[in-house]
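Take a look at the structure set out below.
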Amino acid sequence: MDLLKPRLVSLLRCPSCIGRLTLHAKTEEKGEITEGRLACAKCNVVYPIVRGIPRFVPNDQYVHSFSFQWNLFAQTQLDKTKKLDVDNYTTFEERTGFRGDDLEHKLVLEAGCGMGRFIDVVANVESAEVVGFDLSLAVESAFANVGSRPNVHILQADILQPPLAQETFDIVYSIGVLHHTPSPSASFLRLVSLLKRGGNIAIWVYPKYEWAMLSDVYRQVTTRLPWSMLLGVVKVMTTLHAIDDKMPRFLHHCADLLLPVSGQSDPESKILGTYDWYSPKYQFKSTNQTILSWFRHAGLVDVTFLEFPGAVRGRR
């Protein structure tokens, strides 16, 4: 069983008052906690530990679709399944600018870890230690996929109220998450507060692009559909897209504009990517100028726009 490691407690703070937390273990296994609670003496709030995961939110709030998605497609995006067109090491580097040697002996935070896709990459640097959190129940899949590694910690929490000590992490990154929060700029500022002086932060958010306009019209309907119904719609869309591939180039291009779907070649990955686009409640797109304003407002330096659109790094 994958369990909470006591080392994590030293990094945690009460999201309500930033007070230190005391661990009360209910059940343990080989020195690690399976069930229990974290109590704040300052404001008397108690946070449960359920199946080895500290829970700092009572539910998954506005991200129900991700809870459904990442427990249904729990391993689709792991490199071991070989279903993605580009491996996760390449994707991680493209969207953060971090390579393996940048992570050595670093305390790393991933905000919005999903099912653990990129924690899987970071944790392979044995000297690194990584904390991943997510608002959704994707933490269940992340815990199953990577939680047993000695240098990995998983928790369920809100990016706008992160239960972590400020100025703690050497590296903070968030890939494809901020644009799904109620306020991407406020979420970004909260992440910066967790970064050590001299530490680096990297984000990837959806850039503003014209081809997405029609899909945004569709999203006014798709975000209101029951998850299972939307999944059925997505399967039909991706099947039609496969038929489109056999059309003449001009007609295929028109079909792409009228029926935008994921560009992944693997059918399961295509369904997942398309569902991921049409299901979330929030989905903001940002210009480079907007993203730059976040970094400047946070007082970050050495701000660098990476080659991959929407990917930016900076240093505190």
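Ordered as shown in the structure tokens, chains take letters A, B, and onward, while each chain numbers its residues from 1 and ligands are numbered from 1 in the order shown.
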
Per-residue nearest contacts stretch 63-107 of chain A to stretch 182-197 of chain A, cut-off 12 Å, using only C-alpha atoms, as CSV:
residue,atom,partner,partner_atom,distance
A:Val63,CA,A:Pro182,CA,10.8
A:Lys106,CA,A:Lys196,CA,11.1
A:Leu107,CA,A:Lys196,CA,10.0

Got time to write the residues from that selection, N, CA and C atoms, as a PDB file, in the first residue's frame?
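Result file follows (part35.pdb):
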ATOM      1  N   VAL A  63     -14.060  20.802 -10.073  1.00  0.00           N
ATOM      2  CA  VAL A  63     -13.254  19.976 -10.976  1.00  0.00           C
ATOM      3  C   VAL A  63     -13.745  18.524 -11.013  1.00  0.00           C
ATOM      4  N   LYS A 106      16.865  18.935  -5.391  1.00  0.00           N
ATOM      5  CA  LYS A 106      15.904  20.033  -5.253  1.00  0.00           C
ATOM      6  C   LYS A 106      14.608  19.529  -4.622  1.00  0.00           C
ATOM      7  N   LEU A 107      13.959  20.433  -3.870  1.00  0.00           N
ATOM      8  CA  LEU A 107      12.609  20.195  -3.369  1.00  0.00           C
ATOM      9  C   LEU A 107      11.661  20.820  -4.387  1.00  0.00           C
TER      10      LEU A 107
END

Can you tell me which residues surround A:Asn151 at a distance of at most 8 Å, considering only C-alpha atoms, apart from same-chain residues fewer than 6 positions away, and format the answer as a PDB file with N, CA and C atoms, in the first residue's frame?
ATOM      1  N   ALA A 123      10.358  12.307 -10.325  1.00  0.00           N
ATOM      2  CA  ALA A 123      10.766  11.340  -9.308  1.00  0.00           C
ATOM      3  C   ALA A 123      11.860  10.399  -9.783  1.00  0.00           C
ATOM      4  N   GLU A 126      16.567  10.672  -8.575  1.00  0.00           N
ATOM      5  CA  GLU A 126      16.481  10.104  -7.228  1.00  0.00           C
ATOM      6  C   GLU A 126      16.810  11.093  -6.118  1.00  0.00           C
ATOM      7  N   SER A 127      17.667  12.078  -6.403  1.00  0.00           N
ATOM      8  CA  SER A 127      18.037  13.038  -5.363  1.00  0.00           C
ATOM      9  C   SER A 127      17.002  14.142  -5.193  1.00  0.00           C
ATOM     10  N   ALA A 128      16.016  14.209  -6.103  1.00  0.00           N
ATOM     11  CA  ALA A 128      14.952  15.208  -5.999  1.00  0.00           C
ATOM     12  C   ALA A 128      13.858  14.690  -5.067  1.00  0.00           C
ATOM     13  N   GLU A 129      13.134  15.622  -4.461  1.00  0.00           N
ATOM     14  CA  GLU A 129      11.963  15.282  -3.652  1.00  0.00           C
ATOM     15  C   GLU A 129      10.806  16.105  -4.191  1.00  0.00           C
ATOM     16  N   VAL A 130       9.678  15.460  -4.474  1.00  0.00           N
ATOM     17  CA  VAL A 130       8.588  16.165  -5.144  1.00  0.00           C
ATOM     18  C   VAL A 130       7.285  15.996  -4.384  1.00  0.00           C
TER      19      VAL A 130
END

In stretch 93-312 of chain A, what's alpha helix (DSSP H) per DSSP? Answer as a ChimeraX atom specification? /A:93-96,100-103,119-122,138-146,184-192,213-222,227-244,249-258,267-278,288-297

Write out as a VMD selection string which residues come within 7 Å of A:Trp227 when counting only C-alpha atoms, dropping same-chain ones fewer than 3 positions away. chain A and resid 65 230 to 231

Closest of A:Phe169, A:Val301, A:Lys80, A:His64 to A:Pro226 - atom-to-atom distances counting only C-alpha atoms: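 Using only C-alpha atoms, A:Pro226 sits closest to A:His64.
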
Could the residues of stretch 152-254 of chain A that have an atom at most 12 Å from stretch 88-103 of chain A be listed as a tab-separated table, each with its closest atom pair and the distance in Å to one decimal, counting only C-alpha atoms and ordered by chain and ascending residue number?
residue	atom	partner	partner_atom	distance
A:Phe169	CA	A:Leu103	CA	11.5
A:Asp170	CA	A:Leu103	CA	8.8
A:Ile171	CA	A:Leu103	CA	7.9
A:Val172	CA	A:Thr96	CA	9.7
A:Tyr173	CA	A:Thr96	CA	7.0
A:Ser174	CA	A:Thr96	CA	8.4
A:Ile175	CA	A:Arg95	CA	7.0
A:Gly176	CA	A:Arg95	CA	9.2
A:Gly199	CA	A:Asp102	CA	11.2
A:Asn200	CA	A:Phe98	CA	9.6
A:Ile201	CA	A:Thr96	CA	8.3
A:Ala202	CA	A:Thr96	CA	5.1
A:Ile203	CA	A:Thr96	CA	6.4
A:Trp204	CA	A:Arg95	CA	5.8
A:Val205	CA	A:Arg95	CA	9.2
A:Tyr206	CA	A:Arg95	CA	11.2

Next, dump the selected residues to file, keeping only C-alpha atoms, as a compact mmCIF listing (two decimals), in the first residue's frame.
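What ended up in again35.txt:
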# COMPACT_ATOMS: atom_id res chain seq x y z
CA PHE A 169 10.41 25.00 -2.67
CA ASP A 170 13.43 25.24 -4.96
CA ILE A 171 11.28 24.61 -8.02
CA VAL A 172 7.56 25.06 -8.60
CA TYR A 173 5.84 24.10 -11.83
CA SER A 174 2.29 23.84 -13.12
CA ILE A 175 1.53 22.34 -16.51
CA GLY A 176 -1.91 22.90 -18.01
CA GLY A 199 14.00 29.50 -6.76
CA ASN A 200 12.49 28.95 -10.21
CA ILE A 201 8.88 28.67 -11.31
CA ALA A 202 7.60 27.42 -14.66
CA ILE A 203 4.06 27.34 -16.00
CA TRP A 204 2.31 26.29 -19.15
CA VAL A 205 -1.12 27.74 -19.87
CA TYR A 206 -3.31 27.76 -22.94

Compare A:Ala157, A:Leu11, A:Ala138, A:Ile291 by their minimum atom-to-atom distance to A:Arg117, counting only C-alpha atoms, and give me the closest one.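 Nearest to A:Arg117: A:Ala138.
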
Looking only at strand (DSSP E) from DSSP on the backbone, list the matching residues of stretch 156-226 of chain A as a PyMOL selection string. chain A and resi 156+169-175+195-204
